[in-house]
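Novice: Below you'll find work35.pdb; it's PDB, C-alpha atoms.
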ATOM      1  CA  GLY Q   1     -29.649  -5.778  14.644
ATOM      2  CA  GLN Q   2     -27.063  -3.262  15.728
ATOM      3  CA  GLN Q   3     -24.114  -4.759  17.568
ATOM      4  CA  LEU Q   4     -21.998  -3.023  20.177
ATOM      5  CA  ASN Q   5     -18.465  -4.255  20.711
ATOM      6  CA  GLN Q   6     -17.215  -3.363  24.158
ATOM      7  CA  SER Q   7     -13.632  -3.823  25.278
ATOM      8  CA  PRO Q   8     -11.847  -4.929  27.239
ATOM      9  CA  GLN Q   9     -13.977  -7.741  28.598
ATOM     10  CA  SER Q  10     -12.300  -7.465  32.000
ATOM     11  CA  MET Q  11      -9.624  -5.438  33.719
ATOM     12  CA  PHE Q  12      -7.577  -5.988  36.852
ATOM     13  CA  ILE Q  13      -5.909  -2.833  38.109
ATOM     14  CA  GLN Q  14      -4.250  -1.422  41.181
ATOM     15  CA  GLU Q  15      -5.961   1.223  43.262
ATOM     16  CA  GLY Q  16      -4.956   4.664  42.017
ATOM     17  CA  GLU Q  17      -4.500   3.643  38.402
ATOM     18  CA  ASP Q  18      -6.471   5.156  35.545
ATOM     19  CA  VAL Q  19      -8.839   2.990  33.495
ATOM     20  CA  SER Q  20     -10.067   3.261  29.934
ATOM     21  CA  MET Q  21     -12.729   1.222  28.170
ATOM     22  CA  ASN Q  22     -14.534   1.705  24.890
ATOM     23  CA  CYS Q  23     -17.405   0.694  22.687
ATOM     24  CA  THR Q  24     -17.623   0.560  18.933
ATOM     25  CA  SER Q  25     -20.450  -0.118  16.547
ATOM     26  CA  SER Q  26     -20.939  -0.597  12.847
ATOM     27  CA  SER Q  27     -24.013   1.617  13.077
ATOM     28  CA  ILE Q  28     -24.554   5.229  14.039
ATOM     29  CA  PHE Q  29     -26.168   6.070  17.351
ATOM     30  CA  ASN Q  30     -27.864   9.289  18.423
ATOM     31  CA  THR Q  31     -27.060   8.807  22.084
ATOM     32  CA  TRP Q  32     -24.319   6.985  23.953
ATOM     33  CA  LEU Q  33     -24.670   6.089  27.614
ATOM     34  CA  TRP Q  34     -22.494   4.458  30.230
ATOM     35  CA  TYR Q  35     -23.931   2.413  33.113
ATOM     36  CA  LYS Q  36     -22.347   0.677  36.088
ATOM     37  CA  GLN Q  37     -23.702  -2.486  37.666
ATOM     38  CA  ASP Q  38     -22.802  -3.501  41.199
ATOM     39  CA  PRO Q  39     -23.178  -7.167  42.236
ATOM     40  CA  GLY Q  40     -26.801  -8.099  42.844
ATOM     41  CA  GLU Q  41     -28.126  -4.793  41.574
ATOM     42  CA  GLY Q  42     -29.386  -3.277  38.363
ATOM     43  CA  PRO Q  43     -27.279  -0.974  36.195
ATOM     44  CA  VAL Q  44     -27.069   2.671  37.220
ATOM     45  CA  LEU Q  45     -26.593   5.476  34.718
ATOM     46  CA  LEU Q  46     -23.227   7.228  34.962
ATOM     47  CA  ILE Q  47     -23.041   9.485  31.934
ATOM     48  CA  ALA Q  48     -25.223  10.309  28.916
ATOM     49  CA  LEU Q  49     -23.793  11.773  25.695
ATOM     50  CA  TYR Q  50     -25.946  13.409  23.031
ATOM     51  CA  LYS Q  51     -23.688  15.010  20.421
ATOM     52  CA  ALA Q  52     -20.830  13.771  18.294
ATOM     53  CA  GLY Q  53     -17.575  14.929  19.833
ATOM     54  CA  GLU Q  54     -19.158  15.659  23.192
ATOM     55  CA  LEU Q  55     -16.861  15.175  26.182
ATOM     56  CA  THR Q  56     -18.577  14.916  29.562
ATOM     57  CA  SER Q  57     -17.249  14.407  33.075
ATOM     58  CA  ASN Q  58     -18.873  13.118  36.227
ATOM     59  CA  GLY Q  59     -16.369  13.317  39.050
ATOM     60  CA  ARG Q  60     -13.492  10.998  38.219
ATOM     61  CA  LEU Q  61     -15.348   9.676  35.179
ATOM     62  CA  THR Q  62     -14.969  11.130  31.699
ATOM     63  CA  ALA Q  63     -16.761   9.894  28.607
ATOM     64  CA  GLN Q  64     -16.717  10.965  24.982
ATOM     65  CA  PHE Q  65     -19.109  10.538  22.068
ATOM     66  CA  GLY Q  66     -17.016   9.689  19.029
ATOM     67  CA  ILE Q  67     -16.962  12.018  16.042
ATOM     68  CA  THR Q  68     -18.180   9.272  13.736
ATOM     69  CA  ARG Q  69     -21.088   8.553  16.143
ATOM     70  CA  LYS Q  70     -20.024   4.922  16.055
ATOM     71  CA  ASP Q  71     -17.934   4.805  19.192
ATOM     72  CA  SER Q  72     -17.545   6.042  22.748
ATOM     73  CA  PHE Q  73     -15.018   5.683  25.530
ATOM     74  CA  LEU Q  74     -15.130   5.903  29.307
ATOM     75  CA  ASN Q  75     -12.157   6.848  31.451
ATOM     76  CA  ILE Q  76     -11.917   6.484  35.208
ATOM     77  CA  SER Q  77      -9.097   8.368  36.875
ATOM     78  CA  ALA Q  78      -7.423   7.457  40.149
ATOM     79  CA  SER Q  79      -9.460   4.288  40.658
ATOM     80  CA  ILE Q  80     -10.681   3.312  44.123
ATOM     81  CA  PRO Q  81     -11.982  -0.023  45.422
ATOM     82  CA  SER Q  82     -15.644   1.008  45.091
ATOM     83  CA  ASP Q  83     -15.151   1.383  41.334
ATOM     84  CA  VAL Q  84     -15.373  -2.400  41.161
ATOM     85  CA  GLY Q  85     -18.283  -3.578  39.050
ATOM     86  CA  ILE Q  86     -19.400  -4.126  35.489
ATOM     87  CA  TYR Q  87     -19.499  -1.127  33.175
ATOM     88  CA  PHE Q  88     -21.879  -1.188  30.227
ATOM     89  CA  CYS Q  89     -22.030   1.083  27.243
ATOM     90  CA  ALA Q  90     -25.370   1.586  25.549
ATOM     91  CA  GLY Q  91     -26.253   3.176  22.253
ATOM     92  CA  GLN Q  92     -29.623   4.508  21.282
ATOM     93  CA  ASN Q  93     -31.054   4.978  17.801
ATOM     94  CA  LEU Q  94     -33.870   7.517  17.693
ATOM     95  CA  ASP Q  95     -34.754   6.479  14.153
ATOM     96  CA  ASN Q  96     -35.535   2.945  15.244
ATOM     97  CA  ASN Q  97     -38.172   3.175  17.957
ATOM     98  CA  ASN Q  98     -35.614   4.728  20.334
ATOM     99  CA  ASP Q  99     -34.019   1.282  20.317
ATOM    100  CA  MET Q 100     -31.245   0.974  22.886
ATOM    101  CA  ARG Q 101     -28.534  -1.699  22.715
ATOM    102  CA  PHE Q 102     -26.134  -2.628  25.474
ATOM    103  CA  GLY Q 103     -22.545  -3.748  25.160
ATOM    104  CA  ALA Q 104     -21.417  -6.984  26.794
ATOM    105  CA  GLY Q 105     -19.812  -5.098  29.671
ATOM    106  CA  THR Q 106     -16.331  -4.549  31.094
ATOM    107  CA  ARG Q 107     -15.768  -6.218  34.446
ATOM    108  CA  LEU Q 108     -13.446  -4.043  36.545
ATOM    109  CA  THR Q 109     -11.507  -5.338  39.530
ATOM    110  CA  VAL Q 110      -9.532  -2.878  41.656
ATOM    111  CA  LYS Q 111      -6.903  -4.221  44.028
ATOM    112  CA  PRO Q 112      -6.342  -2.131  47.149
TER     113      PRO Q 112
ATOM    114  CA  ASP K   1     -38.248   8.009  45.858
ATOM    115  CA  ALA K   2     -38.117   4.237  46.330
ATOM    116  CA  GLY K   3     -36.886   3.608  42.828
ATOM    117  CA  VAL K   4     -38.062   0.776  40.610
ATOM    118  CA  ILE K   5     -39.312  -2.086  42.756
ATOM    119  CA  GLN K   6     -39.208  -5.659  41.549
ATOM    120  CA  SER K   7     -40.482  -8.802  43.181
ATOM    121  CA  PRO K   8     -39.565 -11.415  43.982
ATOM    122  CA  ARG K   9     -35.772 -10.925  44.268
ATOM    123  CA  HIS K  10     -35.229 -14.628  43.768
ATOM    124  CA  GLU K  11     -37.443 -17.309  42.254
ATOM    125  CA  VAL K  12     -36.661 -20.990  42.052
ATOM    126  CA  THR K  13     -39.160 -23.114  40.200
ATOM    127  CA  GLU K  14     -39.457 -26.384  38.373
ATOM    128  CA  MET K  15     -39.664 -26.749  34.651
ATOM    129  CA  GLY K  16     -43.210 -26.430  33.403
ATOM    130  CA  GLN K  17     -44.382 -24.135  36.174
ATOM    131  CA  GLU K  18     -45.756 -20.676  35.590
ATOM    132  CA  VAL K  19     -43.595 -17.782  36.731
ATOM    133  CA  THR K  20     -44.788 -14.233  37.288
ATOM    134  CA  LEU K  21     -42.371 -11.374  37.815
ATOM    135  CA  ARG K  22     -43.621  -8.043  39.080
ATOM    136  CA  CYS K  23     -42.494  -4.463  38.694
ATOM    137  CA  LYS K  24     -43.491  -1.099  40.097
ATOM    138  CA  PRO K  25     -41.916   1.726  38.120
ATOM    139  CA  ILE K  26     -40.894   5.080  39.550
ATOM    140  CA  SER K  27     -43.951   7.248  40.021
ATOM    141  CA  GLY K  28     -44.421   9.617  37.115
ATOM    142  CA  HIS K  29     -42.272   7.669  34.678
ATOM    143  CA  ASN K  30     -44.141   6.957  31.468
ATOM    144  CA  SER K  31     -42.035   4.178  29.982
ATOM    145  CA  LEU K  32     -41.314   0.724  31.364
ATOM    146  CA  PHE K  33     -38.859  -1.847  30.084
ATOM    147  CA  TRP K  34     -38.235  -5.532  30.738
ATOM    148  CA  TYR K  35     -34.670  -6.784  30.198
ATOM    149  CA  ARG K  36     -33.119 -10.211  30.607
ATOM    150  CA  GLN K  37     -29.455 -10.629  31.582
ATOM    151  CA  THR K  38     -27.409 -13.768  31.038
ATOM    152  CA  MET K  39     -23.701 -14.430  30.841
ATOM    153  CA  MET K  40     -24.003 -15.592  27.262
ATOM    154  CA  ARG K  41     -26.204 -12.867  25.834
ATOM    155  CA  GLY K  42     -25.737  -9.930  28.188
ATOM    156  CA  LEU K  43     -28.614  -7.470  28.596
ATOM    157  CA  GLU K  44     -31.434  -8.090  26.154
ATOM    158  CA  LEU K  45     -34.533  -5.940  25.796
ATOM    159  CA  LEU K  46     -37.640  -8.104  25.925
ATOM    160  CA  ILE K  47     -40.422  -5.541  25.693
ATOM    161  CA  TYR K  48     -41.151  -1.953  26.501
ATOM    162  CA  PHE K  49     -44.289   0.021  27.241
ATOM    163  CA  ASN K  50     -45.032   3.694  26.806
ATOM    164  CA  ASN K  51     -48.015   5.078  28.696
ATOM    165  CA  ASN K  52     -49.015   1.472  29.503
ATOM    166  CA  VAL K  53     -49.122   0.483  25.822
ATOM    167  CA  PRO K  54     -46.664  -2.126  24.485
ATOM    168  CA  ILE K  55     -44.483  -0.409  21.879
ATOM    169  CA  ASP K  56     -41.893  -3.013  20.972
ATOM    170  CA  ASP K  57     -42.130  -6.676  21.944
ATOM    171  CA  SER K  58     -39.779  -7.974  19.280
ATOM    172  CA  GLY K  59     -37.377  -9.140  21.974
ATOM    173  CA  MET K  60     -39.846 -11.491  23.609
ATOM    174  CA  PRO K  61     -38.281 -14.869  22.914
ATOM    175  CA  GLU K  62     -41.346 -17.056  22.533
ATOM    176  CA  ASP K  63     -45.053 -17.261  23.027
ATOM    177  CA  ARG K  64     -44.331 -18.635  26.474
ATOM    178  CA  PHE K  65     -43.434 -15.079  27.476
ATOM    179  CA  SER K  66     -46.072 -12.421  27.987
ATOM    180  CA  ALA K  67     -46.076  -8.998  29.621
ATOM    181  CA  LYS K  68     -48.829  -6.703  30.786
ATOM    182  CA  MET K  69     -49.063  -3.209  32.154
ATOM    183  CA  PRO K  70     -52.612  -2.743  33.444
ATOM    184  CA  ASN K  71     -51.852   0.683  34.912
ATOM    185  CA  ALA K  72     -49.065   3.207  35.234
ATOM    186  CA  SER K  73     -47.747   1.750  38.474
ATOM    187  CA  PHE K  74     -47.598  -1.977  37.793
ATOM    188  CA  SER K  75     -46.328  -4.450  35.227
ATOM    189  CA  THR K  76     -45.917  -8.210  35.088
ATOM    190  CA  LEU K  77     -43.769 -10.528  33.011
ATOM    191  CA  LYS K  78     -45.111 -14.049  32.854
ATOM    192  CA  ILE K  79     -43.437 -17.211  31.623
ATOM    193  CA  GLN K  80     -45.707 -20.186  31.063
ATOM    194  CA  PRO K  81     -44.514 -22.890  30.951
ATOM    195  CA  SER K  82     -41.019 -22.134  32.236
ATOM    196  CA  GLU K  83     -37.931 -23.971  30.944
ATOM    197  CA  PRO K  84     -34.385 -24.280  32.335
ATOM    198  CA  ARG K  85     -33.056 -22.019  29.578
ATOM    199  CA  ASP K  86     -35.209 -19.207  30.959
ATOM    200  CA  SER K  87     -32.904 -19.028  33.979
ATOM    201  CA  ALA K  88     -31.517 -15.499  34.086
ATOM    202  CA  VAL K  89     -31.780 -12.200  35.915
ATOM    203  CA  TYR K  90     -34.804 -10.235  34.765
ATOM    204  CA  PHE K  91     -34.666  -6.479  35.155
ATOM    205  CA  CYS K  92     -37.411  -3.940  35.003
ATOM    206  CA  ALA K  93     -36.515  -0.338  34.220
ATOM    207  CA  SER K  94     -38.492   2.862  33.886
ATOM    208  CA  SER K  95     -37.843   6.170  32.203
ATOM    209  CA  LEU K  96     -39.226   9.675  32.326
ATOM    210  CA  GLU K  97     -37.501  11.076  29.268
ATOM    211  CA  THR K  98     -39.407  11.401  26.021
ATOM    212  CA  THR K  99     -36.690   9.512  24.225
ATOM    213  CA  ASN K 100     -36.300   6.944  27.008
ATOM    214  CA  GLU K 101     -32.513   7.140  27.096
ATOM    215  CA  LYS K 102     -32.119   7.440  30.863
ATOM    216  CA  LEU K 103     -33.213   4.164  32.350
ATOM    217  CA  PHE K 104     -33.650   3.526  36.062
ATOM    218  CA  PHE K 105     -33.303  -0.166  36.788
ATOM    219  CA  GLY K 106     -34.749  -2.246  39.573
ATOM    220  CA  SER K 107     -32.615  -4.716  41.505
ATOM    221  CA  GLY K 108     -33.746  -7.582  39.313
ATOM    222  CA  THR K 109     -35.313 -10.995  39.824
ATOM    223  CA  GLN K 110     -32.913 -13.922  39.784
ATOM    224  CA  LEU K 111     -34.874 -16.767  38.174
ATOM    225  CA  SER K 112     -33.730 -20.362  38.356
ATOM    226  CA  VAL K 113     -35.746 -22.982  36.523
ATOM    227  CA  LEU K 114     -34.756 -26.493  37.526
TER     228      LEU K 114
END
So that I can check it, write out the structure of this file as structure tokens.
Specialist:
Amino acid sequence: GQQLNQSPQSMFIQEGEDVSMNCTSSSIFNTWLWYKQDPGEGPVLLIALYKAGELTSNGRLTAQFGITRKDSFLNISASIPSDVGIYFCAGQNLDNNNDMRFGAGTRLTVKP
Amino acid sequence: DAGVIQSPRHEVTEMGQEVTLRCKPISGHNSLFWYRQTMMRGLELLIYFNNNVPIDDSGMPEDRFSAKMPNASFSTLKIQPSEPRDSAVYFCASSLETTNEKLFFGSGTQLSVL
């Protein structure tokens, strides 16, 4: 099946720093999404992207749908301690039963 | 809205026992998904329903796993008999969108099979 490669696997940063993470795939997706998972909870949707090249912001978060439709990145600016968690990318293929695949996640630690 | 409600939050059982996980989707959502999360394999889709009908169960690992959605407000995932390798966090999610891209997850059930 389609594989999503998410990197980095983990990040340790200082409060106030900017963060960037990305996902790549060998297959094309129609939709890219970014979720955040807090400890002991389910993932929560942060941003959804629907068109190649689309750049979308949600507060300090910015995500882009790659031109090739095979990649996406998520940036977090001016990180704060509550940004700690695991960030997952997800790609959806509308031509395959709306199949959605998740990346392995990027575990973010923010030091105050 | 209470969100997606899963029960129990934690389940510890012995190998060979039957396990039943429960989910109440968000009212009005027409799609329901069961995912399994492990360190090794990440988030895996097990099965999803649309309007209470199973659409894709290709992710269900074995015949020991079964899922039902008898009505729009309730679903179960059953493992019988359970094995230690079934230990994982099981998430239920629901979606309102036609294309099911925006998933709302429950808090999960942490299953430990001893």
Novice: Translate the PyMOL selection byres ((chain K and resi 67-69) around 10) into a concrete residue list for this structure, as a PyMOL selection string.
Specialist: chain K and resi 20-24+32+34+46-54+57+60+65-66+70-79
Novice: Considering only C-alpha atoms, return as a PyMOL selection string whatever protein or nucleic-acid residues lie within 8 Å of stretch 100-107 of chain K, sequence-local ones (same chain, fewer than 5 positions apart) excluded.
Specialist: (chain Q and resi 31+33+40-45+48+92+98+100) or (chain K and resi 3-6+9+31+91-95)
Novice: Give me, as a PyMOL selection string, the contact residues of chain Q against chain K at a cut-off of 12 Å, counting only C-alpha atoms.
Specialist: chain Q and resi 1+3-6+9+29-50+86-107
Novice: One decimal, in Å: what's the spacing between atom CA of K:Ser112 and atom CA of K:Gln80?
Specialist: 14.0 Å
Novice: I'd like the interatomic distance between atom CA of Q:Cys23 and atom CA of Q:Lys70, to a tenth of an Å.
Specialist: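 If I compute the distance from atom CA of Q:Cys23 to atom CA of Q:Lys70, I get 8.3 Å.
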Novice: Do a neighbour search on Q:Ile76 at 6 Å with only C-alpha atoms, toss out local chain neighbours closer than 5 positions, and write the hits as a PyMOL selection string.
Specialist: chain Q and resi 18-19+60-61
Novice: Kindly provide, as AutoDock Vina command-line options, the centre and edge lengths (Å, one decimal) of an axis-aligned box around all atoms of stretch 7-26 of chain Q given in the file, with 6 Å on each side.
Specialist:
--center_x -12.6 --center_y -1.3 --center_z 28.1 --size_x 28.7 --size_y 24.9 --size_z 42.4
Novice: Which value, in Å to one decimal, gives the distance between atom CA of Q:Val84 and atom CA of Q:Ser7?
Specialist: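 A separation of 16.0 Å between them.
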Novice: Between Q:Thr109, Q:Ser26, Q:Gly16, Q:Gly53, single out the one closest to Q:Ser72, counting all atoms listed in the file.
Specialist: Q:Gly53
Novice: I want to know what sits within 6 Å of stretch 81-86 of chain K, based on all atoms listed in the file, with residues of the same chain fewer than 5 positions away left out; could you give that as a list of chain:residue names?
Specialist: K:Met15, K:Gly16, K:Gln17, K:Glu18, K:Val113, K:Leu114
